[in-house]
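Below is one structure, written out as structure tokens; comments come after it.
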Amino acid sequence: MIKFYNIVISLVWPFCVSTLSAQILQYEFSFGKAFSDRSVILKTAEPYEANGQYGFEFGSEENVEIREGSHILFSNKPFYFSVNVPEGNYKVSIGYQGLSDSEFNSTVRSESRRLQLEQVNVPRHKEVQRSFIVNRKDARIREGEYVRLKKPRELEKLDWDDKLTLEFQHTNNIRYIRVEQVQEVPTIFLAGNSTVVNQEHEPWASWGQMIPRFFDTQMTVANHAESGLALSSFLTSKRLDKILTIAKPGDYLFIEFGHNDQKEKDEKEGAYRGYTERLRYFVEAFRAIGGTPVIVTSTARRSFNANGQLQYTLADYPNAARKVAQELQVPLIDLNKMTRTFYETLGVEGSKQAFVHYAANTFPEQPESLQDNTHFNTYGAYQIAKMVLQGIIDNRLDIRKHIIDFKSYKSTKPDAHEDWEWPLSVKNSDRKPDGN
């Protein structure tokens, strides 16, 4: 057995298990006691920079107590833990140990604020293990060719760095953290703009970073959306090329564009010209590799007139997407229709609760009020993720079998805003938003 003392990296790091097809990377971190022969024992809360392979980030090691006598990592404050891993999908398992005097709840996010575990309840004295899949991506397409990331914004995002980062919220009493590479799970690729992207900064959020919470460990979500993109710029920045090089038969591509396509001014501007042509290309290119494309109409903007009626602000783009879906027999999730019903149900003032509408100084380093009628806060993003799930079920897509903790959703009966809880991601609560 290989022994580890404190956080010294062994020459065999990382652990590999041979399979018939490839080597599978496995990592296990325990606290004061090994739970398997591959455990890396952490006796102190060392920062990631100490070895460049694993550890705590953004100064959050100060929020962690490693109780060596009980072999536990305890914290009732937010903390971040990162592991250096190559691009791929990883099953993360958290082994919780119940406290002796009370139950507790734990929330876990990954990378750029992707919701993975939501308020996992751990009873007194009980051991609970919860697992989820995280996609870790990088910009490399093939030798010498890369996705054209937006600088400096995307270079600073946790989604594009060289490690897998976990963000722990609420209370955590943890026996071990396991990270295991998985290769055969179906992937849902997301192509879109700022209404889909993993928003890095509070209080902005998008449905693409909420939806991973609702899938089991037989499914993963790879979000390649980015703020400000249209179908054309998604192509020219080589993001579709990236997806096509790593996608496999049986995968899905959810395509939601329109907000920025509407702004384009060239010889092919307009919903029934360049937008329609490119949407067909996305569908046909993904089908060619054996995948299933899904067209998602653009989320509506919050735009009420003086009479309290919700206006149409996306011109013909939602209808153009519907027509392409019908023409090519592509599953359609009509978010434009569902979000309109959602806003109308909440009303002129109530609908602000789903968007980034906040008084000045609500968040750190926010001296001015926020009145954003395009981008969602965490409550709004969570509701829209549920609309997407309902669309998956209504289309009877095979991936519906992997949906967990969800039965159905109606835009006319949204979850109560007052019941929503989202502890701030402290790393980014003082940062500027990602634009459309």
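Here, A, B, ... name the chains of the structure tokens in the order displayed, residue numbers run from 1 inside each chain, and ligands are numbered from 1 in the same displayed order.
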List every residue of range 170-272 of chain A that has an atom at most 8 Å from any atom of range 103-126 of chain A, and for each one report the closest atom pair and its distance in Å to one decimal, counting only C-alpha atoms, with rows sorted by chain and then by increasing residue number, as JSON lines.
```
{"residue": "A:His170", "atom": "CA", "partner": "A:Ser106", "partner_atom": "CA", "distance": 5.3}
{"residue": "A:Thr171", "atom": "CA", "partner": "A:Ser106", "partner_atom": "CA", "distance": 5.4}
{"residue": "A:Asn172", "atom": "CA", "partner": "A:Ser106", "partner_atom": "CA", "distance": 5.8}
{"residue": "A:Asn198", "atom": "CA", "partner": "A:Ser112", "partner_atom": "CA", "distance": 5.9}
{"residue": "A:Gln199", "atom": "CA", "partner": "A:Ser112", "partner_atom": "CA", "distance": 6.7}
{"residue": "A:Glu200", "atom": "CA", "partner": "A:Ser112", "partner_atom": "CA", "distance": 5.2}
{"residue": "A:Gln209", "atom": "CA", "partner": "A:Arg114", "partner_atom": "CA", "distance": 4.4}
{"residue": "A:Met210", "atom": "CA", "partner": "A:Leu115", "partner_atom": "CA", "distance": 5.2}
{"residue": "A:Ile211", "atom": "CA", "partner": "A:Leu115", "partner_atom": "CA", "distance": 7.4}
{"residue": "A:Pro212", "atom": "CA", "partner": "A:Gln116", "partner_atom": "CA", "distance": 5.8}
{"residue": "A:Arg213", "atom": "CA", "partner": "A:Gln116", "partner_atom": "CA", "distance": 4.3}
{"residue": "A:Phe214", "atom": "CA", "partner": "A:Gln116", "partner_atom": "CA", "distance": 8.0}
```
Per-residue DSSP, range 67-234 of chain A, filtered to strand (DSSP E or B), as a ChimeraX atom specification: /A:67,72-75,79-84,88-97,104-110,114-122,127-136,140-142,145-146,163-170,172-182,187-192,205,215,220-223
Between CA of Leu164 in chain A and CA of Gln53 in chain A - distance in Å to one decimal: 10.4 Å
Minimum-distance residue to Val147 in chain A, chosen among A:Thr341, A:Thr44, A:Ser194, A:Thr236 (using only C-alpha atoms): A:Thr236
Using only C-alpha atoms: which of A:Lys263, A:His357, A:His375, A:His417 has the shortest distance to Ala300 in chain A: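 With only C-alpha atoms as the atom set, the closest residue is A:His375.
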Residues near Tyr343 in chain A, cut-off 9 Å, only C-alpha atoms, skip fewer than 4 positions along chain, as a VMD selection string: chain A and resid 300 302 310 338 to 339 347 to 348 350 to 352 354 411
Among range 144-356 of chain A, which residues does DSSP mark as alpha helix (DSSP H) when it is run on the backbone? Keep the chain and numbering as in the structure and answer as a PDB file with N, CA and C atoms, in the first residue's frame.
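Produced file out.pdb, reproduced below:
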```pdb
ATOM      1  N   TRP A 207     -30.347  29.020 -17.358  1.00  0.00           N
ATOM      2  CA  TRP A 207     -30.910  27.679 -17.160  1.00  0.00           C
ATOM      3  C   TRP A 207     -29.872  26.587 -17.395  1.00  0.00           C
ATOM      4  N   GLY A 208     -28.860  26.868 -18.231  1.00  0.00           N
ATOM      5  CA  GLY A 208     -27.854  25.860 -18.524  1.00  0.00           C
ATOM      6  C   GLY A 208     -27.037  25.434 -17.320  1.00  0.00           C
ATOM      7  N   GLN A 209     -26.906  26.324 -16.311  1.00  0.00           N
ATOM      8  CA  GLN A 209     -26.122  25.966 -15.132  1.00  0.00           C
ATOM      9  C   GLN A 209     -26.983  25.409 -14.010  1.00  0.00           C
ATOM     10  N   MET A 210     -28.297  25.446 -14.186  1.00  0.00           N
ATOM     11  CA  MET A 210     -29.209  24.871 -13.196  1.00  0.00           C
ATOM     12  C   MET A 210     -29.605  23.436 -13.531  1.00  0.00           C
ATOM     13  N   LEU A 231     -25.772  32.428 -33.898  1.00  0.00           N
ATOM     14  CA  LEU A 231     -25.388  31.204 -34.603  1.00  0.00           C
ATOM     15  C   LEU A 231     -24.109  31.403 -35.404  1.00  0.00           C
ATOM     16  N   SER A 232     -23.986  32.564 -36.039  1.00  0.00           N
ATOM     17  CA  SER A 232     -22.817  32.836 -36.878  1.00  0.00           C
ATOM     18  C   SER A 232     -21.541  32.906 -36.057  1.00  0.00           C
ATOM     19  N   SER A 233     -21.546  33.625 -34.936  1.00  0.00           N
ATOM     20  CA  SER A 233     -20.331  33.766 -34.128  1.00  0.00           C
ATOM     21  C   SER A 233     -20.019  32.498 -33.346  1.00  0.00           C
ATOM     22  N   PHE A 234     -21.036  31.676 -33.054  1.00  0.00           N
ATOM     23  CA  PHE A 234     -20.768  30.363 -32.464  1.00  0.00           C
ATOM     24  C   PHE A 234     -19.967  29.520 -33.442  1.00  0.00           C
ATOM     25  N   LEU A 235     -20.284  29.672 -34.725  1.00  0.00           N
ATOM     26  CA  LEU A 235     -19.551  28.950 -35.758  1.00  0.00           C
ATOM     27  C   LEU A 235     -18.143  29.498 -35.951  1.00  0.00           C
ATOM     28  N   THR A 236     -18.019  30.819 -36.112  1.00  0.00           N
ATOM     29  CA  THR A 236     -16.709  31.397 -36.417  1.00  0.00           C
ATOM     30  C   THR A 236     -15.735  31.287 -35.255  1.00  0.00           C
ATOM     31  N   ARG A 239     -16.855  26.919 -31.934  1.00  0.00           N
ATOM     32  CA  ARG A 239     -17.479  26.195 -30.821  1.00  0.00           C
ATOM     33  C   ARG A 239     -18.267  24.979 -31.306  1.00  0.00           C
ATOM     34  N   LEU A 240     -18.945  25.110 -32.445  1.00  0.00           N
ATOM     35  CA  LEU A 240     -19.609  23.921 -32.975  1.00  0.00           C
ATOM     36  C   LEU A 240     -18.570  22.896 -33.408  1.00  0.00           C
ATOM     37  N   ASP A 241     -17.484  23.358 -33.997  1.00  0.00           N
ATOM     38  CA  ASP A 241     -16.393  22.452 -34.386  1.00  0.00           C
ATOM     39  C   ASP A 241     -15.882  21.688 -33.172  1.00  0.00           C
ATOM     40  N   LYS A 242     -15.720  22.380 -32.063  1.00  0.00           N
ATOM     41  CA  LYS A 242     -15.273  21.742 -30.828  1.00  0.00           C
ATOM     42  C   LYS A 242     -16.246  20.647 -30.405  1.00  0.00           C
ATOM     43  N   ILE A 243     -17.530  20.961 -30.404  1.00  0.00           N
ATOM     44  CA  ILE A 243     -18.537  19.986 -30.001  1.00  0.00           C
ATOM     45  C   ILE A 243     -18.502  18.767 -30.914  1.00  0.00           C
ATOM     46  N   LEU A 244     -18.401  18.992 -32.222  1.00  0.00           N
ATOM     47  CA  LEU A 244     -18.444  17.888 -33.172  1.00  0.00           C
ATOM     48  C   LEU A 244     -17.238  16.962 -33.056  1.00  0.00           C
ATOM     49  N   THR A 245     -16.119  17.482 -32.546  1.00  0.00           N
ATOM     50  CA  THR A 245     -14.928  16.633 -32.398  1.00  0.00           C
ATOM     51  C   THR A 245     -15.001  15.725 -31.172  1.00  0.00           C
ATOM     52  N   ILE A 246     -15.819  16.075 -30.185  1.00  0.00           N
ATOM     53  CA  ILE A 246     -15.874  15.274 -28.962  1.00  0.00           C
ATOM     54  C   ILE A 246     -17.209  14.554 -28.768  1.00  0.00           C
ATOM     55  N   THR A 276     -32.015  31.008 -40.378  1.00  0.00           N
ATOM     56  CA  THR A 276     -32.611  29.725 -40.750  1.00  0.00           C
ATOM     57  C   THR A 276     -31.593  28.799 -41.395  1.00  0.00           C
ATOM     58  N   GLU A 277     -30.760  29.345 -42.285  1.00  0.00           N
ATOM     59  CA  GLU A 277     -29.747  28.529 -42.947  1.00  0.00           C
ATOM     60  C   GLU A 277     -28.779  27.929 -41.938  1.00  0.00           C
ATOM     61  N   ARG A 278     -28.324  28.740 -40.985  1.00  0.00           N
ATOM     62  CA  ARG A 278     -27.354  28.253 -40.000  1.00  0.00           C
ATOM     63  C   ARG A 278     -27.988  27.258 -39.045  1.00  0.00           C
ATOM     64  N   LEU A 279     -29.228  27.490 -38.685  1.00  0.00           N
ATOM     65  CA  LEU A 279     -29.912  26.559 -37.791  1.00  0.00           C
ATOM     66  C   LEU A 279     -30.030  25.191 -38.459  1.00  0.00           C
ATOM     67  N   ARG A 280     -30.345  25.173 -39.737  1.00  0.00           N
ATOM     68  CA  ARG A 280     -30.379  23.903 -40.470  1.00  0.00           C
ATOM     69  C   ARG A 280     -29.003  23.237 -40.458  1.00  0.00           C
ATOM     70  N   TYR A 281     -27.957  24.033 -40.618  1.00  0.00           N
ATOM     71  CA  TYR A 281     -26.600  23.475 -40.640  1.00  0.00           C
ATOM     72  C   TYR A 281     -26.257  22.826 -39.299  1.00  0.00           C
ATOM     73  N   PHE A 282     -26.579  23.493 -38.179  1.00  0.00           N
ATOM     74  CA  PHE A 282     -26.331  22.916 -36.850  1.00  0.00           C
ATOM     75  C   PHE A 282     -27.011  21.558 -36.733  1.00  0.00           C
ATOM     76  N   VAL A 283     -28.273  21.505 -37.146  1.00  0.00           N
ATOM     77  CA  VAL A 283     -29.048  20.265 -37.050  1.00  0.00           C
ATOM     78  C   VAL A 283     -28.413  19.160 -37.891  1.00  0.00           C
ATOM     79  N   GLU A 284     -28.121  19.463 -39.136  1.00  0.00           N
ATOM     80  CA  GLU A 284     -27.609  18.446 -40.051  1.00  0.00           C
ATOM     81  C   GLU A 284     -26.208  17.985 -39.661  1.00  0.00           C
ATOM     82  N   ALA A 285     -25.365  18.918 -39.183  1.00  0.00           N
ATOM     83  CA  ALA A 285     -24.005  18.552 -38.785  1.00  0.00           C
ATOM     84  C   ALA A 285     -24.016  17.634 -37.576  1.00  0.00           C
ATOM     85  N   PHE A 286     -24.908  17.882 -36.627  1.00  0.00           N
ATOM     86  CA  PHE A 286     -24.940  17.041 -35.428  1.00  0.00           C
ATOM     87  C   PHE A 286     -25.573  15.687 -35.734  1.00  0.00           C
ATOM     88  N   ARG A 287     -26.568  15.690 -36.599  1.00  0.00           N
ATOM     89  CA  ARG A 287     -27.155  14.408 -37.004  1.00  0.00           C
ATOM     90  C   ARG A 287     -26.132  13.536 -37.731  1.00  0.00           C
ATOM     91  N   ALA A 288     -25.223  14.163 -38.451  1.00  0.00           N
ATOM     92  CA  ALA A 288     -24.242  13.417 -39.239  1.00  0.00           C
ATOM     93  C   ALA A 288     -23.307  12.589 -38.370  1.00  0.00           C
ATOM     94  N   TYR A 317     -37.846  35.461 -35.058  1.00  0.00           N
ATOM     95  CA  TYR A 317     -36.869  34.415 -34.749  1.00  0.00           C
ATOM     96  C   TYR A 317     -37.478  33.187 -34.074  1.00  0.00           C
ATOM     97  N   PRO A 318     -38.366  33.333 -33.087  1.00  0.00           N
ATOM     98  CA  PRO A 318     -38.982  32.116 -32.529  1.00  0.00           C
ATOM     99  C   PRO A 318     -39.772  31.333 -33.569  1.00  0.00           C
ATOM    100  N   ASN A 319     -40.516  32.036 -34.445  1.00  0.00           N
ATOM    101  CA  ASN A 319     -41.281  31.335 -35.478  1.00  0.00           C
ATOM    102  C   ASN A 319     -40.369  30.652 -36.481  1.00  0.00           C
ATOM    103  N   ALA A 320     -39.245  31.291 -36.809  1.00  0.00           N
ATOM    104  CA  ALA A 320     -38.294  30.671 -37.729  1.00  0.00           C
ATOM    105  C   ALA A 320     -37.734  29.383 -37.130  1.00  0.00           C
ATOM    106  N   ALA A 321     -37.425  29.391 -35.841  1.00  0.00           N
ATOM    107  CA  ALA A 321     -36.925  28.184 -35.178  1.00  0.00           C
ATOM    108  C   ALA A 321     -37.987  27.086 -35.194  1.00  0.00           C
ATOM    109  N   ARG A 322     -39.238  27.458 -34.963  1.00  0.00           N
ATOM    110  CA  ARG A 322     -40.319  26.471 -34.988  1.00  0.00           C
ATOM    111  C   ARG A 322     -40.451  25.843 -36.382  1.00  0.00           C
ATOM    112  N   LYS A 323     -40.321  26.671 -37.401  1.00  0.00           N
ATOM    113  CA  LYS A 323     -40.471  26.165 -38.772  1.00  0.00           C
ATOM    114  C   LYS A 323     -39.338  25.218 -39.150  1.00  0.00           C
ATOM    115  N   VAL A 324     -38.105  25.540 -38.734  1.00  0.00           N
ATOM    116  CA  VAL A 324     -36.986  24.635 -39.013  1.00  0.00           C
ATOM    117  C   VAL A 324     -37.198  23.302 -38.296  1.00  0.00           C
ATOM    118  N   ALA A 325     -37.654  23.372 -37.053  1.00  0.00           N
ATOM    119  CA  ALA A 325     -37.914  22.138 -36.297  1.00  0.00           C
ATOM    120  C   ALA A 325     -38.957  21.281 -36.992  1.00  0.00           C
ATOM    121  N   GLN A 326     -40.015  21.924 -37.500  1.00  0.00           N
ATOM    122  CA  GLN A 326     -41.062  21.185 -38.200  1.00  0.00           C
ATOM    123  C   GLN A 326     -40.552  20.627 -39.522  1.00  0.00           C
ATOM    124  N   GLU A 327     -39.823  21.452 -40.265  1.00  0.00           N
ATOM    125  CA  GLU A 327     -39.306  21.034 -41.574  1.00  0.00           C
ATOM    126  C   GLU A 327     -38.367  19.839 -41.468  1.00  0.00           C
ATOM    127  N   LEU A 328     -37.464  19.870 -40.484  1.00  0.00           N
ATOM    128  CA  LEU A 328     -36.447  18.832 -40.350  1.00  0.00           C
ATOM    129  C   LEU A 328     -36.820  17.750 -39.339  1.00  0.00           C
ATOM    130  N   LEU A 335     -39.331  27.431 -25.423  1.00  0.00           N
ATOM    131  CA  LEU A 335     -39.096  28.282 -24.257  1.00  0.00           C
ATOM    132  C   LEU A 335     -39.691  29.669 -24.425  1.00  0.00           C
ATOM    133  N   ASN A 336     -39.744  30.164 -25.653  1.00  0.00           N
ATOM    134  CA  ASN A 336     -40.311  31.491 -25.863  1.00  0.00           C
ATOM    135  C   ASN A 336     -41.766  31.523 -25.390  1.00  0.00           C
ATOM    136  N   LYS A 337     -42.501  30.510 -25.754  1.00  0.00           N
ATOM    137  CA  LYS A 337     -43.902  30.431 -25.334  1.00  0.00           C
ATOM    138  C   LYS A 337     -44.017  30.234 -23.829  1.00  0.00           C
ATOM    139  N   MET A 338     -43.218  29.341 -23.269  1.00  0.00           N
ATOM    140  CA  MET A 338     -43.314  29.041 -21.837  1.00  0.00           C
ATOM    141  C   MET A 338     -42.869  30.216 -20.974  1.00  0.00           C
ATOM    142  N   THR A 339     -41.814  30.916 -21.398  1.00  0.00           N
ATOM    143  CA  THR A 339     -41.369  32.057 -20.584  1.00  0.00           C
ATOM    144  C   THR A 339     -42.366  33.203 -20.660  1.00  0.00           C
ATOM    145  N   ARG A 340     -43.014  33.400 -21.801  1.00  0.00           N
ATOM    146  CA  ARG A 340     -44.055  34.431 -21.890  1.00  0.00           C
ATOM    147  C   ARG A 340     -45.180  34.142 -20.897  1.00  0.00           C
ATOM    148  N   THR A 341     -45.606  32.900 -20.842  1.00  0.00           N
ATOM    149  CA  THR A 341     -46.654  32.523 -19.887  1.00  0.00           C
ATOM    150  C   THR A 341     -46.184  32.730 -18.449  1.00  0.00           C
ATOM    151  N   PHE A 342     -44.939  32.408 -18.197  1.00  0.00           N
ATOM    152  CA  PHE A 342     -44.324  32.580 -16.873  1.00  0.00           C
ATOM    153  C   PHE A 342     -44.361  34.043 -16.438  1.00  0.00           C
ATOM    154  N   TYR A 343     -43.932  34.956 -17.304  1.00  0.00           N
ATOM    155  CA  TYR A 343     -43.923  36.382 -16.958  1.00  0.00           C
ATOM    156  C   TYR A 343     -45.345  36.909 -16.760  1.00  0.00           C
ATOM    157  N   GLU A 344     -46.242  36.483 -17.636  1.00  0.00           N
ATOM    158  CA  GLU A 344     -47.626  36.947 -17.531  1.00  0.00           C
ATOM    159  C   GLU A 344     -48.269  36.446 -16.249  1.00  0.00           C
ATOM    160  N   THR A 345     -47.914  35.243 -15.836  1.00  0.00           N
ATOM    161  CA  THR A 345     -48.446  34.694 -14.586  1.00  0.00           C
ATOM    162  C   THR A 345     -47.950  35.503 -13.391  1.00  0.00           C
ATOM    163  N   LEU A 346     -46.682  35.876 -13.392  1.00  0.00           N
ATOM    164  CA  LEU A 346     -46.110  36.657 -12.293  1.00  0.00           C
ATOM    165  C   LEU A 346     -46.566  38.105 -12.322  1.00  0.00           C
ATOM    166  N   GLY A 347     -46.861  38.627 -13.501  1.00  0.00           N
ATOM    167  CA  GLY A 347     -47.329  39.999 -13.620  1.00  0.00           C
ATOM    168  C   GLY A 347     -46.201  40.991 -13.847  1.00  0.00           C
ATOM    169  N   VAL A 348     -46.598  42.246 -14.075  1.00  0.00           N
ATOM    170  CA  VAL A 348     -45.627  43.290 -14.408  1.00  0.00           C
ATOM    171  C   VAL A 348     -44.573  43.430 -13.319  1.00  0.00           C
ATOM    172  N   GLU A 349     -44.975  43.553 -12.085  1.00  0.00           N
ATOM    173  CA  GLU A 349     -44.019  43.731 -10.980  1.00  0.00           C
ATOM    174  C   GLU A 349     -43.449  42.402 -10.505  1.00  0.00           C
ATOM    175  N   GLY A 350     -44.292  41.398 -10.405  1.00  0.00           N
ATOM    176  CA  GLY A 350     -43.835  40.101  -9.907  1.00  0.00           C
ATOM    177  C   GLY A 350     -42.791  39.457 -10.794  1.00  0.00           C
TER     178      GLY A 350
END
```
All residues 12 Å or closer to Gly192 in chain A, only C-alpha atoms, same chain fewer than 3 positions away omitted, as a VMD selection string: chain A and resid 189 195 to 198 206 to 208 222 to 235 239 to 240 253 to 261 279 282 295 to 299 436
Atom-to-atom span, CA of Arg140 in chain A and CA of Arg153 in chain A, Å: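 One can read the CA of Arg140 in chain A to CA of Arg153 in chain A distance as 17.5 Å.
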